[in-house]
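Just below is one structure, and these are the notes that go with it.
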Amino acid sequence: MKNRHTLSVLVEDHPGVLNRVVSLLRRRSFNIDSITVGHSEQPGVSRMTIVVIGRDDEVEQAGKQLYKLMEVLKVTDVTPLNCVAHEMALIKVAAKSQTRSEILQIAQIYSARIVDASPTTLLIEATGPETHIDGLLTMLKAFGIRELVRTGPVAMMRGGTTVGVKESARPERELAVAGNGTTPHAN
Amino acid sequence: MAATGTVTLGTSPGATGGDPRSTEKPLLTGSEIVCRALEDEGVDTVFGYPGGAVIPLYDALPRAGFHHVLVRFEQWAALAAEGYARATGKPGVCLVTSGPGATNLVTGLADAMLDSVPIVAITGQVIQPLIGRDAFQEVDITGITLPVTKHNYLVSRIQDLAPTFKEAFHIATTGRPGPVLIDIPKTLFLQKHEYAYPDSVYRRGYQPTSVPNMRQVRLAADAIKKARKPLIMAGHGIMLSGATDLFREFVEKTGIPVAHTLLGLGTFPESHPLGLGLMGMHGHKHVNDALDECDLLLNIGARFDDRATGQVSGFAPNAFVVHVDIDPAEIGKNVRTDVPVVGDALEVLKLLMPEVTEGRHDDWMAWIDSRRDRALDEALEERPAWPEPYTIIKAIAEATSGEAIVTTDVGQHQMWAAQHFGFDHPDRWITSGGLGTMGFGLPSAVGAKIGRPDLEVWSVIGDGGFQMSSNELATAVQENLDINIAVINNGYLGMVRQWQDLFHAKNYSEVKIGAPQFEKLAEAYGITGITVRSDAEIRPAIERARSIRGPVLIDFVIEPEANVWPIVPPGAANSGMLHQQRFEG
Ligand SMILES: Cc1ncc(C[n+]2csc(CCOP(=O)(O)OP(=O)(O)O)c2C)c(N)n1
Ligand SMILES: [Mg+2]
């Protein structure tokens, strides 16, 4: 069965690395739903959050293929893990004087902020899980959504656990999945 | 645009110019740095073709400590580098200019990628201020080759040049080998910098697994102990890891018969009772029958290519599958695996050897033997008048005592050679497996002969493929290479014609292919050409070719519509193979 999987991918911050990742996923026909890239807690290391749709074995294969890129340091499928996965949306809604207060109420329910206004529109900034944003959008639809941009989720584990690579210059050999030898890295 | 893989190196010790003594070191041009780096890698041969962006590099070549072979087309530079690499086990190097020179390499890189052959390709790039401006002969070759290289670089700073070479050779030759491309803007060849070659490489994201997980090795050993009808599928990985000697010990100790993939030929002698020969689409009947029947399939160093497996749902249906591969991504990619063992074949065999017991499988071997198709041998007893392709291949094998390096092109002749040469030695069978690149035969023979001048080299080529790369005869002549070329001339793009014959109601569409008189073509290149039109002429022609130094071409005019048997029809399981013999004349 095909599911949405959220992959947290740590990569060396080299020019062209996004191209390598996307090109690889495209060539192997993995379906990317969203992708975000940004700096991580470590200098020189970026974190990508990639949402892919596929069967478990397909997503495992995608992870293994990603490891074959020299720049990829770590791939974690955080879907089954206890994590926070939030995205941000900017929504420009049509707003007349009669509807403005109702829109404000809805925004409040969804803990969204009004970041700009014009005589005919309100610009709403919302963050949260994808379902949360979906809910807000359903509520706003009737007023007329003029423009929408969603970032796609970024994800992080709850509690003290981290998804990262050791700072040490040479990471100690970690034991990977059974049969996958002594490091998860492909060749 | 983020399309290029610009690298900023300098993390490895000794790689940067921060050393206070650095000012005392002589300054070298970028061109000299490239040459020094190649020398420090022990490169003795570079296959190349010059052009605008690499003129400064070619300026330094006459003083370099390696030999440059001028090919006649850039793709042949990549394929010659492959032939060199496959014959020697060392990385092959090719060098071309920007733009069309670089794009002409692409097929060769893809070929090396699919067959895991270590190659370092150097391309010139336009001067840095012009990058991204659609300058004359500018192409984004790092972007173009992203999916067909193991890794690639666009070098942007002169101080990164030497460390990039170090890293490129390391990546090309370690783990699962493959092609690595280095794109160098012309500006860098002309700049100056001191030369320091790093002695080690460290990439956080590149830690190939060579030593397997012992728990998995024990699981594999258990499976071997329990099996009654075990079979080994031997792939190229055994050769690439240098494990053929240990592999032979392992096979002899366990008594498990060996089925060879196309690139696995030579990993274990076919003349040995346990060496079964080719499996898959044109595999021998008893080998594919054994795959169907086996209760354990131990795949060592093969990637379950579809030409080997046929329809996967019908592949080795009764087998418990153990898969040894250095690339974790190959595990479970095509065929479900019960016990994955990720590691270098040599390391895996070292650990597996003490875990397995002596074994014999007489009943199983007798069963396999009973499935042999002897019809061909019997038919050949009758000695048809045509030069029969099987007879030609066997005659070359006999004349050379099976010691020769054989390169092939792609098509029917390739399959006849794979089926009937009988490979007993590693690194003697050089063929384009994964990509099936027509034109491969002659340039790979050039590379192989240059890499192994001590070995006799035969190149078995179709009349179609030969017309793709026959211009490489000029290179063979210029280098005075002792190569024997056997053109298997059926006047057709034979393999395509065979498919049209069998699967498209004999609708021969665009497969009849004319050709010049090859004997005359040979003469035009100043070499000996021989035409063979009958069975009786086969052996004398082969002996004559062997006695002449330098390139010789034999044009074997065979029956136009001879087919390769057996054949697994496309989309069918190996068990659905068709058998038919046809002998005219
Ligand atoms: C570059 C390239 N183009 C096309 C093909 C498709 N193809 C595979 S075999 C073949 C026929 C080869 O004919 P020839 O070289 O005469 O060999 P034969 O099969 O007759 O022995 C063709 C066209 C290919 N493998 N490679
Ligand atoms: Mg032909």
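Order determines the names: the first chain of the structure tokens is A, the second B, and so forth; residues in each chain are numbered 1 upward, and ligands are numbered 1 upward as they are shown.
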Would you list the residues that come within 6 Å of ligand 1? Count only C-alpha atoms and all ligand atoms and give the answer as JSON, numbers by chain.
{"B": [410, 411, 412, 413, 436, 437, 438, 462, 463, 464, 465, 490, 492, 493, 494, 495, 496]}
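For region 99-149 of chain B, a DSSP pass over the backbone yields strand (DSSP E or B) at Ile119, Val120, Ala121, Ile122, Thr123, Gly124 and Gln125 of chain B.
The nearest approach to chain A among the residues B:Val251, B:Ala234, B:Ala220, B:Ile430, with only C-alpha atoms taken into account, belongs to B:Ala220.
In this comparison, which uses only C-alpha atoms, the residue of A:Thr99, A:Asn3, A:Ser46, A:Gln61 approaching chain B most closely is A:Gln61.
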If we count only C-alpha atoms and set the cut-off at 12 Å, which residues sit around Leu473 (chain B), ignoring sequence neighbours fewer than 3 positions away in its own chain? Please answer as a ChimeraX atom specification.
/B:70-73,76,441-446,459,466-470,476-485,518,521-529,550-553
Please, which residues of chain B lie no more than 9 Å from chain A when the count uses only C-alpha atoms, and can they be set out as JSON, numbers by chain?
{"B": [1, 2, 3, 4, 5, 6, 7, 8, 143, 146, 147, 150, 151, 171, 174, 175, 176, 177, 202, 203, 204, 205, 206, 207, 208, 209, 210, 211, 212, 213, 214, 215, 216, 217, 326, 327, 328, 329, 330, 331, 332, 333, 339, 340, 341, 342, 343]}
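Closest approach to Tyr84 (chain B) from the set B:Leu130, B:Ile141, B:Leu578, B:Val120 is made by B:Val120, with distances taken over only C-alpha atoms.
Near Val258 (chain B), within a cut-off of 7 Å and counting only C-alpha atoms, sit the residues Leu231, Ile232, Met233, Ala234, Leu274, Gly275 and Leu276 of chain B, with same-chain residues fewer than 5 positions away left out.
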With distances taken over only C-alpha atoms, which of B:His236, B:Arg546, B:His284, B:Lys225 is nearest to Leu265 (chain B)?
B:His236
Which one is closest to ligand 2: B:Ala562, B:Ala80, B:Ile488, B:Ile538? Count only C-alpha atoms and all ligand atoms.
B:Ile488
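Interatomic distance, CA of Leu122 (chain A) to CA of Lys96 (chain A): 9.3 Å.
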